[in-house]
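> File input.cif below, mmCIF, C-alpha atoms and all ligand atoms:
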data_target
#
loop_
_atom_site.label_atom_id
_atom_site.label_comp_id
_atom_site.auth_asym_id
_atom_site.auth_seq_id
_atom_site.Cartn_x
_atom_site.Cartn_y
_atom_site.Cartn_z
CA MET X 1 78.74 148.12 107.72
CA THR X 2 75.26 148.71 106.38
CA ASP X 3 72.58 146.17 105.49
CA ILE X 4 72.06 147.06 101.84
CA LYS X 5 69.03 144.82 101.23
CA SER X 6 67.07 146.84 103.81
CA MET X 7 67.59 149.96 101.68
CA THR X 8 65.02 151.22 99.20
CA LEU X 9 65.86 151.74 95.52
CA GLU X 10 65.94 155.49 96.11
CA GLU X 11 68.41 155.12 98.98
CA ILE X 12 70.70 152.84 96.99
CA THR X 13 70.53 155.20 94.02
CA GLN X 14 71.48 158.13 96.26
CA ALA X 15 74.38 156.13 97.69
CA CYS X 16 75.59 155.47 94.13
CA ARG X 17 75.45 159.17 93.31
CA ASP X 18 77.42 159.91 96.49
CA MET X 19 80.11 157.54 95.22
CA GLY X 20 80.22 159.40 91.93
CA GLU X 21 78.40 156.63 90.05
CA PRO X 22 75.55 157.13 87.58
CA ALA X 23 72.06 156.78 89.07
CA PHE X 24 71.13 153.71 87.00
CA ARG X 25 73.61 151.67 89.03
CA GLY X 26 71.12 151.87 91.87
CA LYS X 27 68.54 149.93 89.93
CA GLN X 28 71.09 147.35 88.82
CA ILE X 29 72.16 146.73 92.42
CA PHE X 30 68.60 146.63 93.72
CA THR X 31 67.63 144.11 91.04
CA TRP X 32 70.57 141.84 91.87
CA LEU X 33 69.78 141.94 95.59
CA HIS X 34 66.19 140.92 95.03
CA LYS X 35 67.23 138.11 92.74
CA GLY X 36 69.13 136.62 95.67
CA VAL X 37 72.74 137.39 94.78
CA THR X 38 74.75 136.89 97.96
CA SER X 39 77.98 138.74 97.16
CA PHE X 40 78.87 141.91 95.29
CA ASP X 41 81.16 139.84 93.07
CA GLY X 42 78.05 138.20 91.69
CA MET X 43 76.86 141.57 90.28
CA SER X 44 78.51 141.01 86.95
CA ASN X 45 77.42 144.22 85.23
CA LEU X 46 79.25 146.40 87.79
CA SER X 47 82.91 147.31 87.51
CA LYS X 48 85.34 145.54 89.80
CA ALA X 49 86.21 148.88 91.40
CA LEU X 50 82.58 149.58 92.28
CA ARG X 51 82.05 146.06 93.59
CA GLU X 52 85.01 146.54 95.90
CA LYS X 53 83.77 149.93 97.07
CA LEU X 54 80.35 148.46 97.85
CA ALA X 55 81.82 145.48 99.69
CA ALA X 56 83.82 147.80 101.93
CA GLN X 57 80.68 149.60 103.12
CA TYR X 58 77.78 147.20 102.80
CA TYR X 59 76.91 143.60 103.50
CA ILE X 60 74.30 141.33 101.92
CA THR X 61 72.17 139.20 104.24
CA ALA X 62 71.58 135.54 103.37
CA PRO X 63 70.11 133.05 105.82
CA THR X 64 71.16 129.41 105.78
CA VAL X 65 68.82 126.45 106.03
CA ALA X 66 69.13 125.11 109.58
CA ARG X 67 66.33 122.60 109.04
CA LYS X 68 63.83 121.81 106.38
CA GLN X 69 60.81 119.57 106.75
CA MET X 70 58.42 118.55 104.04
CA SER X 71 54.93 117.28 104.77
CA LYS X 72 54.12 113.94 103.20
CA LEU X 73 50.45 114.82 103.44
CA ASP X 74 50.28 118.00 101.38
CA GLY X 75 53.77 119.12 100.30
CA THR X 76 53.94 121.96 102.83
CA ILE X 77 57.58 122.87 103.49
CA LYS X 78 58.76 124.33 106.73
CA TYR X 79 62.11 126.10 106.89
CA LEU X 80 64.09 126.92 109.97
CA TRP X 81 66.53 129.63 108.85
CA GLU X 82 69.66 130.60 110.69
CA LEU X 83 70.28 134.34 110.53
CA GLY X 84 73.59 136.19 110.48
CA ASP X 85 73.71 136.39 114.28
CA GLY X 86 72.88 132.71 114.87
CA ASN X 87 69.20 133.28 115.74
CA CYS X 88 66.64 131.04 114.07
CA ILE X 89 63.27 131.86 112.54
CA GLU X 90 60.59 129.87 110.72
CA THR X 91 59.02 130.23 107.30
CA VAL X 92 56.32 127.95 105.89
CA LEU X 93 55.56 127.38 102.22
CA MET X 94 52.04 126.18 101.48
CA GLN X 95 50.58 125.18 98.18
CA TYR X 96 47.05 126.32 97.52
CA LYS X 97 45.01 126.23 94.33
CA HIS X 98 45.30 130.00 94.04
CA GLY X 99 49.10 129.86 94.25
CA ASN X 100 52.02 129.28 96.55
CA THR X 101 51.80 131.12 99.82
CA VAL X 102 54.68 131.80 102.13
CA CYS X 103 54.09 132.47 105.82
CA ILE X 104 56.87 134.61 107.23
CA SER X 105 58.09 135.67 110.65
CA SER X 106 58.46 139.32 111.68
CA GLN X 107 60.43 138.99 114.92
CA VAL X 108 62.79 136.54 116.61
CA GLY X 109 60.32 135.32 119.21
CA CYS X 110 57.35 137.38 120.41
CA ARG X 111 56.49 139.37 123.51
CA MET X 112 52.72 139.26 123.23
CA GLY X 113 52.35 136.26 125.53
CA CYS X 114 49.28 134.51 124.02
CA ALA X 115 48.65 131.50 126.24
CA PHE X 116 48.18 128.96 123.43
CA CYS X 117 51.06 130.00 121.18
CA ALA X 118 54.53 128.43 121.00
CA SER X 119 56.18 131.52 119.47
CA THR X 120 56.04 133.50 122.66
CA ILE X 121 57.39 130.92 125.11
CA ALA X 122 60.90 132.38 125.35
CA GLY X 123 59.80 135.99 124.73
CA LYS X 124 61.09 138.32 122.03
CA LEU X 125 64.82 138.37 121.30
CA ARG X 126 64.80 141.04 118.60
CA ASP X 127 62.94 142.53 115.65
CA LEU X 128 63.64 141.28 112.16
CA ARG X 129 65.09 143.77 109.73
CA PRO X 130 63.37 144.39 106.37
CA SER X 131 66.07 142.40 104.55
CA GLU X 132 65.47 139.41 106.81
CA MET X 133 61.77 139.40 105.91
CA VAL X 134 62.55 139.77 102.20
CA ASP X 135 65.04 136.91 102.51
CA GLN X 136 62.37 134.55 103.81
CA VAL X 137 60.36 135.05 100.63
CA LEU X 138 63.34 135.17 98.32
CA PHE X 139 65.29 132.19 99.63
CA THR X 140 62.18 130.06 100.11
CA GLN X 141 61.46 130.62 96.43
CA LEU X 142 65.06 129.90 95.39
CA ASP X 143 65.46 126.84 97.59
CA SER X 144 62.10 125.26 96.75
CA GLY X 145 62.11 126.24 93.10
CA GLN X 146 58.46 127.25 93.47
CA GLU X 147 57.31 130.69 92.52
CA ILE X 148 55.67 132.53 95.37
CA SER X 149 52.56 134.55 94.68
CA ASN X 150 51.16 135.25 98.15
CA ILE X 151 52.61 136.29 101.48
CA VAL X 152 51.07 136.08 104.91
CA LEU X 153 52.72 137.81 107.87
CA MET X 154 51.50 135.13 110.24
CA GLY X 155 54.68 133.46 111.39
CA ILE X 156 56.61 134.18 114.57
CA GLY X 157 56.26 137.68 115.98
CA GLU X 158 53.79 140.55 116.07
CA PRO X 159 54.14 142.62 112.87
CA LEU X 160 52.61 145.75 114.40
CA ASP X 161 55.20 145.55 117.20
CA ASN X 162 57.89 145.97 114.51
CA MET X 163 55.96 148.29 112.31
CA ASP X 164 58.66 150.50 110.73
CA ASN X 165 60.57 147.46 109.52
CA VAL X 166 57.41 145.71 108.34
CA LEU X 167 56.30 148.76 106.33
CA ARG X 168 59.68 148.97 104.69
CA PHE X 169 59.56 145.24 103.96
CA LEU X 170 56.19 145.75 102.24
CA GLU X 171 57.63 148.52 100.10
CA LEU X 172 60.60 146.34 99.10
CA ILE X 173 58.71 143.15 98.36
CA ASN X 174 56.07 145.06 96.40
CA HIS X 175 58.61 146.89 94.25
CA ALA X 176 58.46 146.32 90.50
CA ASP X 177 62.25 145.90 90.32
CA GLY X 178 62.20 143.50 93.26
CA MET X 179 59.92 140.51 93.81
CA ASN X 180 56.95 142.57 92.68
CA ILE X 181 54.37 140.89 94.90
CA GLY X 182 51.11 142.82 94.81
CA MET X 183 49.67 144.23 98.02
CA ARG X 184 46.45 142.38 97.33
CA HIS X 185 48.45 139.19 97.63
CA ILE X 186 49.71 140.06 101.10
CA SER X 187 47.98 139.52 104.46
CA LEU X 188 49.13 140.96 107.74
CA SER X 189 47.95 139.45 110.98
CA THR X 190 47.90 141.24 114.32
CA CYS X 191 46.90 140.21 117.84
CA GLY X 192 45.24 143.64 118.14
CA VAL X 193 47.78 146.44 118.58
CA ILE X 194 45.34 149.30 118.09
CA PRO X 195 47.75 152.20 117.38
CA GLY X 196 49.30 150.03 114.67
CA ILE X 197 45.90 149.32 113.11
CA ASP X 198 45.14 153.05 113.01
CA ARG X 199 48.51 153.84 111.48
CA LEU X 200 47.99 151.15 108.86
CA ALA X 201 44.53 152.54 108.06
CA GLU X 202 46.07 155.94 107.29
CA LEU X 203 48.35 154.34 104.71
CA GLN X 204 45.39 152.78 102.89
CA LEU X 205 47.38 149.83 101.64
CA GLN X 206 45.57 147.23 99.57
CA LEU X 207 46.72 144.37 101.79
CA THR X 208 44.38 142.19 103.84
CA LEU X 209 44.31 142.84 107.56
CA SER X 210 43.73 139.81 109.75
CA VAL X 211 42.91 140.27 113.40
CA SER X 212 43.51 137.45 115.85
CA LEU X 213 40.29 137.65 117.81
CA HIS X 214 40.07 134.34 119.67
CA ALA X 215 37.42 135.67 122.08
CA PRO X 216 34.76 138.38 121.79
CA ASP X 217 34.48 139.03 125.54
CA SER X 218 37.09 140.88 127.60
CA GLU X 219 37.29 138.33 130.36
CA THR X 220 38.16 135.36 128.16
CA ARG X 221 40.33 137.38 125.83
CA SER X 222 42.40 138.88 128.66
CA ARG X 223 42.91 135.40 130.03
CA ILE X 224 44.32 133.95 126.80
CA MET X 225 45.73 137.12 125.20
CA PRO X 226 47.49 139.56 127.56
CA VAL X 227 47.41 142.23 124.81
CA ASN X 228 43.70 142.56 125.61
CA ARG X 229 44.58 144.16 128.95
CA ALA X 230 46.18 147.05 127.06
CA TYR X 231 43.82 147.12 124.07
CA ASP X 232 40.42 145.84 125.05
CA VAL X 233 38.35 143.88 122.56
CA GLU X 234 35.60 146.49 122.49
CA GLU X 235 38.10 149.18 121.47
CA LEU X 236 39.61 146.68 119.06
CA PHE X 237 36.30 146.29 117.24
CA ALA X 238 35.98 150.09 117.14
CA ALA X 239 39.46 150.28 115.58
CA CYS X 240 38.42 147.65 113.03
CA GLN X 241 35.36 149.72 112.16
CA ARG X 242 37.61 152.76 111.65
CA TYR X 243 39.95 150.67 109.52
CA PHE X 244 37.11 149.48 107.34
CA LYS X 245 35.68 152.99 106.95
CA LYS X 246 39.05 154.37 105.96
CA THR X 247 40.21 151.61 103.60
CA GLY X 248 37.03 149.86 102.47
CA ARG X 249 38.88 146.61 102.96
CA ARG X 250 37.17 143.66 104.57
CA ILE X 251 38.88 142.42 107.73
CA SER X 252 39.49 138.77 108.40
CA PHE X 253 39.12 137.64 112.01
CA GLU X 254 41.09 134.59 113.11
CA TYR X 255 39.53 132.45 115.75
CA SER X 256 41.44 129.43 117.05
CA MET X 257 38.92 127.12 118.65
CA ILE X 258 39.80 126.12 122.22
CA ASP X 259 37.83 123.48 124.05
CA GLY X 260 35.53 124.99 126.71
CA VAL X 261 37.22 128.40 126.54
CA ASN X 262 36.01 130.26 123.47
CA ASP X 263 33.71 127.77 121.74
CA ASN X 264 30.41 128.52 123.48
CA ASP X 265 27.31 129.59 121.56
CA TRP X 266 27.01 132.83 123.53
CA GLN X 267 30.45 133.77 122.25
CA ALA X 268 29.36 133.21 118.65
CA ASP X 269 26.35 135.44 119.39
CA LEU X 270 28.62 138.12 120.80
CA ILE X 271 30.94 138.00 117.77
CA ALA X 272 27.94 138.54 115.52
CA LYS X 273 26.81 141.49 117.60
CA ARG X 274 30.23 143.16 117.58
CA ILE X 275 31.00 142.55 113.94
CA ALA X 276 27.68 144.05 112.80
CA GLY X 277 27.95 146.84 110.24
CA MET X 278 31.32 145.69 109.00
CA PRO X 279 31.74 143.07 106.27
CA GLY X 280 34.08 140.91 108.31
CA HIS X 281 34.87 137.30 107.80
CA VAL X 282 35.60 134.83 110.60
CA ASN X 283 38.18 132.16 109.97
CA LEU X 284 37.81 129.32 112.45
CA ILE X 285 41.13 127.58 113.08
CA PRO X 286 41.47 124.16 114.68
CA LEU X 287 43.77 124.74 117.68
CA ASN X 288 47.18 123.18 117.24
CA ASP X 289 48.10 121.24 120.31
CA VAL X 290 51.18 122.89 121.85
CA VAL X 291 52.79 120.62 124.42
CA GLU X 292 53.40 123.42 126.95
CA SER X 293 49.85 124.70 126.80
CA PRO X 294 46.93 123.49 128.91
CA PHE X 295 44.48 124.21 126.11
CA LYS X 296 42.91 121.52 123.97
CA PRO X 297 41.32 121.71 120.53
CA SER X 298 37.58 122.36 120.50
CA LYS X 299 35.17 119.71 119.28
CA ARG X 300 32.50 122.29 118.45
CA ILE X 301 33.91 123.92 115.35
CA ALA X 302 31.04 122.95 113.03
CA ALA X 303 28.39 123.94 115.58
CA PHE X 304 30.10 127.27 116.23
CA GLN X 305 30.32 127.93 112.51
CA LYS X 306 26.59 127.21 112.10
CA ARG X 307 25.77 129.54 114.96
CA LEU X 308 27.77 132.36 113.38
CA GLN X 309 26.15 131.71 110.02
CA SER X 310 22.71 131.79 111.59
CA HIS X 311 23.43 135.44 112.40
CA GLY X 312 24.55 136.12 108.82
CA VAL X 313 28.26 136.14 109.67
CA THR X 314 30.58 134.66 107.04
CA ALA X 315 32.56 131.92 108.74
CA THR X 316 34.95 129.41 107.23
CA VAL X 317 37.06 126.66 108.75
CA ARG X 318 40.74 126.81 107.93
CA ARG X 319 42.13 123.71 106.35
CA SER X 320 45.08 122.44 108.37
CA LEU X 321 48.28 121.94 106.39
CA GLY X 322 51.53 120.36 107.46
CA GLY X 323 50.03 118.58 110.44
CA ASP X 324 52.91 116.09 110.43
CA ILE X 325 55.76 118.65 110.54
CA ASP X 326 55.19 121.00 113.52
CA ALA X 327 54.03 123.51 110.96
CA SER X 328 52.38 125.96 113.29
CA CYS X 329 53.39 129.07 115.08
CA GLY X 330 56.87 128.72 116.45
CA GLN X 331 56.76 125.01 117.09
CA LEU X 332 59.83 124.11 115.04
CA ARG X 333 61.93 126.90 116.50
CA ARG X 334 60.81 125.90 119.97
CA LYS X 335 61.87 122.32 119.31
CA ALA X 336 65.31 123.40 118.07
CA MET X 337 65.79 125.70 121.08
CA GLU X 338 64.84 122.86 123.39
CA GLU X 339 67.42 120.58 121.80
CA ARG X 340 70.06 123.27 122.19
CA GLY X 341 69.08 123.87 125.83
CA GLU X 342 67.98 127.45 125.10
CA LEU X 343 64.51 127.35 126.61
CA PRO X 344 63.90 128.84 130.06
CA LYS X 345 62.86 126.25 132.65
N1 LIG S 401 51.22 138.06 116.13
C1 LIG S 401 50.33 137.99 114.99
C2 LIG S 401 50.86 137.05 113.97
C3 LIG S 401 50.81 135.59 114.34
S1 LIG S 401 49.66 134.86 113.27
C4 LIG S 401 48.93 137.61 115.46
O1 LIG S 401 48.78 137.30 116.63
O2 LIG S 401 47.99 137.67 114.68
C5 LIG S 401 49.43 133.30 113.83
C6 LIG S 401 47.99 133.00 114.14
O3 LIG S 401 47.94 131.69 114.70
C7 LIG S 401 47.42 133.93 115.17
O4 LIG S 401 46.05 134.11 114.93
C8 LIG S 401 47.64 133.15 116.44
O5 LIG S 401 46.82 133.59 117.47
C9 LIG S 401 47.33 131.75 115.97
N2 LIG S 401 47.90 130.69 116.81
C10 LIG S 401 48.95 130.73 117.64
N3 LIG S 401 49.13 129.55 118.27
C11 LIG S 401 48.16 128.74 117.82
C12 LIG S 401 47.81 127.38 118.08
N4 LIG S 401 48.48 126.64 118.96
N5 LIG S 401 46.75 126.87 117.42
C13 LIG S 401 46.06 127.62 116.53
N6 LIG S 401 46.34 128.88 116.25
C14 LIG S 401 47.37 129.45 116.89
#
In structure tokens, how does this file's structure come out?


Amino acid sequence: MTDIKSMTLEEITQACRDMGEPAFRGKQIFTWLHKGVTSFDGMSNLSKALREKLAAQYYITAPTVARKQMSKLDGTIKYLWELGDGNCIETVLMQYKHGNTVCISSQVGCRMGCAFCASTIAGKLRDLRPSEMVDQVLFTQLDSGQEISNIVLMGIGEPLDNMDNVLRFLELINHADGMNIGMRHISLSTCGVIPGIDRLAELQLQLTLSVSLHAPDSETRSRIMPVNRAYDVEELFAACQRYFKKTGRRISFEYSMIDGVNDNDWQADLIAKRIAGMPGHVNLIPLNDVVESPFKPSKRIAAFQKRLQSHGVTATVRRSLGGDIDASCGQLRRKAMEERGELPK
């Protein structure tokens, strides 16, 4: 059986031709899939014979809501979806003035090992398929009744560690006959997988690249982000410069502020030095307290921001949403795994 929602319009159209059907059936099927129809019987403009033929060869993914939490503070909704194989992933819907933004996961778990992040605690179980990323956007919209205009790939997982599927997801979600979400309304966040950044640069997509920086010096960064031992921060900045040269797109650097670890003035100075010549933007994020982690939120966010600004670096502080609902980075999934006894001791 084949996962039909992971197929492009062209592939579905070709499959229709192979079945002796006219090509326009492809577009009809594609449109139904991206409207959230969950069975071929729901595709009412197809003949019964074709619906049966499709059902014999293909299946349609549809996650179920395992949990749903709504913030009383700001209306943020966090979904824990159960996938076809019983694995769970998180999606967060946030309401901003510029539109509803959905934060989606790209893998079941993560193997990057960042010391402050809950997503990586039990490692990576598997990559998400393109359909499973589309479904997070699609079913969040259907369940919440709120139209989604922006997507951030900032949930569980490292998108550039699942790059083929992520690129296909982008093609699907961007498609005019699908959800039609513009590339300029999509952000992709990476912990710094350099070959992935270079590959993305070649494609010259109009999306926004976010880089999880979290420390400008190798020693600190290697301590909190093991990926730095493979792709050192100095090479990472060089890759960002290449990306900017190639695409002309401004990079956003995420910087989660950790007490006594990455919040020193000299580190702000070093960021400014390394970012020079590239119109980057630093997004300071209040650290979310993860129970398992020894790190505590910094109390120097405003001072650090001032220091960056004194060097002419654009720095903003991210507003925290969903503080009452475990809304960050794998915390809800971790909680559910704990309750089911699935976490390693
Ligand atoms: N793997 C990608 C996508 C995850 S994005 C990446 O690393 O960029 C989620 C962002 O939240 C990343 O910048 C991540 O480093 C950050 N993050 C993870 N745990 C956090 C925590 N406890 N508090 C604040 N930010 C955190």

> Hey, can you check how far CA of Ser105 in chain X sits from CA of Met133 in chain X?

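CA of Met133 in chain X lies 7.1 Å from CA of Ser105 in chain X.
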
> Which residues of chain X come within 7 Å of ligand LIG 401 (chain S), and for each one, what is the closest pair of atoms and their distance in Å to one decimal, counting only C-alpha atoms and all ligand atoms, sorted by chain and residue number, as a Markdown table?


| residue | atom | partner | partner_atom | distance |
| --- | --- | --- | --- | --- |
| X:Phe116 | CA | S:LIG401 | N4 | 5.0 |
| X:Cys117 | CA | S:LIG401 | N3 | 3.5 |
| X:Ala118 | CA | S:LIG401 | N3 | 6.2 |
| X:Leu153 | CA | S:LIG401 | C2 | 6.4 |
| X:Met154 | CA | S:LIG401 | S1 | 3.6 |
| X:Gly155 | CA | S:LIG401 | C3 | 5.3 |
| X:Ile156 | CA | S:LIG401 | C3 | 6.0 |
| X:Gly157 | CA | S:LIG401 | N1 | 5.1 |
| X:Glu158 | CA | S:LIG401 | N1 | 3.6 |
| X:Pro159 | CA | S:LIG401 | N1 | 6.3 |
| X:Ser189 | CA | S:LIG401 | O2 | 4.1 |
| X:Thr190 | CA | S:LIG401 | O2 | 3.6 |
| X:Cys191 | CA | S:LIG401 | O1 | 3.7 |
| X:Ser210 | CA | S:LIG401 | O2 | 6.9 |
| X:Val211 | CA | S:LIG401 | O2 | 5.8 |
| X:Ser212 | CA | S:LIG401 | O4 | 4.3 |
| X:Glu254 | CA | S:LIG401 | O4 | 5.3 |
| X:Tyr255 | CA | S:LIG401 | O4 | 6.8 |
| X:Ser256 | CA | S:LIG401 | C13 | 5.0 |
| X:Ile285 | CA | S:LIG401 | C13 | 6.0 |
| X:Pro286 | CA | S:LIG401 | C13 | 6.0 |
| X:Leu287 | CA | S:LIG401 | N5 | 3.7 |
| X:Asn288 | CA | S:LIG401 | N5 | 3.7 |
| X:Asp289 | CA | S:LIG401 | N4 | 5.6 |
| X:Val290 | CA | S:LIG401 | N4 | 5.5 |
| X:Ser328 | CA | S:LIG401 | C12 | 6.8 |
| X:Cys329 | CA | S:LIG401 | N3 | 5.3 |

> Could the centre and edge lengths of an axis-aligned box, enclosing all atoms of range 308-311 of chain X in the file with 4 Å extra on each side, be given in Å to one decimal as JSON?


{"center_x": 25.2, "center_y": 133.6, "center_z": 111.7, "size_x": 13.1, "size_y": 11.7, "size_z": 11.4}

> Could you give me, as a list in words, the residues within 10 Å of Leu167 in chain X, counting all atoms listed in the file and dropping anything in the same chain fewer than 4 positions from it?

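Within the cut-off, the hits are Pro130, Pro159, Leu160, Asn162, Met163, Glu171, Leu172, Leu200 and Leu203 of chain X.
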
> Using all atoms listed in the file, find the one residue out of X:Thr31, X:Asn180, X:Thr8, X:Gln309 that sits nearest to Ile271 in chain X.

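Checking each candidate against Ile271 in chain X, we get X:Gln309 as the closest.
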
> Between CA of Met94 in chain X and CA of Ile77 in chain X, measure the distance and give it in Å to one decimal.

6.8 Å

> Suppose you want the space between CA of Lys124 in chain X and CA of Arg111 in chain X; what is it in Å?

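According to the coordinates, CA of Lys124 in chain X and CA of Arg111 in chain X are separated by 4.9 Å.
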
> Which residues of range 189-247 of chain X sit at most 10 Å from range 259-266 of chain X, using all atoms listed in the file? Give each one's shortest atom pair and distance in Å (one decimal place), in chain and ascending residue order, as CSV.


residue,atom,partner,partner_atom,distance
X:His214,CA,X:Asn262,CA,6.9
X:Ala215,CA,X:Asn262,CA,5.8
X:Pro216,CA,X:Asn262,CA,8.4
X:Asp217,CA,X:Asn262,CA,9.1
X:Thr220,CA,X:Val261,CA,7.2
X:Arg221,CA,X:Asn262,CA,8.7
X:Arg223,CA,X:Val261,CA,9.7
X:Ile224,CA,X:Val261,CA,9.0

> Which residue out of X:Asp85, X:Asp232, X:Asp161, X:Glu21 has the minimum interatomic distance to Cys110 in chain X when all atoms listed in the file are used?

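Smallest separation from Cys110 in chain X among the options: X:Asp161.
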
> For Val102 in chain X, which residue among X:Lys306, X:His175, X:His185, X:Lys246 is the nearest when counting only C-alpha atoms?

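Counting only C-alpha atoms, the residue closest to Val102 in chain X is X:His185.
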
> Taking into account all atoms listed in the file, which residue in the set X:Gly26, X:Gly123, X:Pro297, X:Pro63 is nearest to Asn45 in chain X?

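Between X:Gly26, X:Gly123, X:Pro297, X:Pro63, the residue approaching Asn45 in chain X most closely is X:Gly26.
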
> Select, from X:Val166, X:Ala315, X:Leu205, X:Leu46, the residue with the minimum atom-to-atom distance to Arg184 in chain X, counting all atoms listed in the file.

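Looking at the shortest contact to Arg184 in chain X, the residue is X:Leu205.
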
> Which residue out of X:Phe24, X:Trp81, X:Phe30, X:Tyr231 has the minimum interatomic distance to Ile104 in chain X when all atoms listed in the file are used?

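The answer is X:Trp81, which sits nearest to Ile104 in chain X.
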
> Using all atoms listed in the file, which protein or nucleic acid residues come within 12 Å of Arg51 in chain X? Drop anything in the same chain fewer than 6 positions from it, and give the result as a PDB file with C-alpha atoms, in the frame of the given file.


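Contents of out_34.pdb, as written:
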ATOM      1  CA  CYS X  16      75.590 155.470  94.130  1.00  0.00           C
ATOM      2  CA  MET X  19      80.110 157.540  95.220  1.00  0.00           C
ATOM      3  CA  GLU X  21      78.400 156.630  90.050  1.00  0.00           C
ATOM      4  CA  ARG X  25      73.610 151.670  89.030  1.00  0.00           C
ATOM      5  CA  ILE X  29      72.160 146.730  92.420  1.00  0.00           C
ATOM      6  CA  SER X  39      77.980 138.740  97.160  1.00  0.00           C
ATOM      7  CA  PHE X  40      78.870 141.910  95.290  1.00  0.00           C
ATOM      8  CA  ASP X  41      81.160 139.840  93.070  1.00  0.00           C
ATOM      9  CA  GLY X  42      78.050 138.200  91.690  1.00  0.00           C
ATOM     10  CA  MET X  43      76.860 141.570  90.280  1.00  0.00           C
ATOM     11  CA  SER X  44      78.510 141.010  86.950  1.00  0.00           C
ATOM     12  CA  ASN X  45      77.420 144.220  85.230  1.00  0.00           C
ATOM     13  CA  GLN X  57      80.680 149.600 103.120  1.00  0.00           C
ATOM     14  CA  TYR X  58      77.780 147.200 102.800  1.00  0.00           C
ATOM     15  CA  TYR X  59      76.910 143.600 103.500  1.00  0.00           C
TER      16      TYR X  59
END

> Need the shell around Ala115 in chain X: protein/DNA/RNA residues with any atom at most 9 Å away, counting all atoms listed in the file. Skip same-chain ones fewer than 3 positions apart. Format as a ChimeraX atom specification?

/X:118,120-121,223-226,293-295

> Might you pull out every residue within 7 Å of Asp127 in chain X, with only C-alpha atoms counted and same-chain residues fewer than 3 positions away left off, and present them as a ChimeraX atom specification?

/X:106-108,162

> Would you list the residues near (83.1, 148.8, 106.0), meaning any protein, DNA or RNA residue with an atom at most 12 Å from that point in file coordinates, counting only C-alpha atoms, as JSON, numbers by chain?

{"X": [1, 2, 3, 4, 52, 53, 54, 55, 56, 57, 58, 59]}
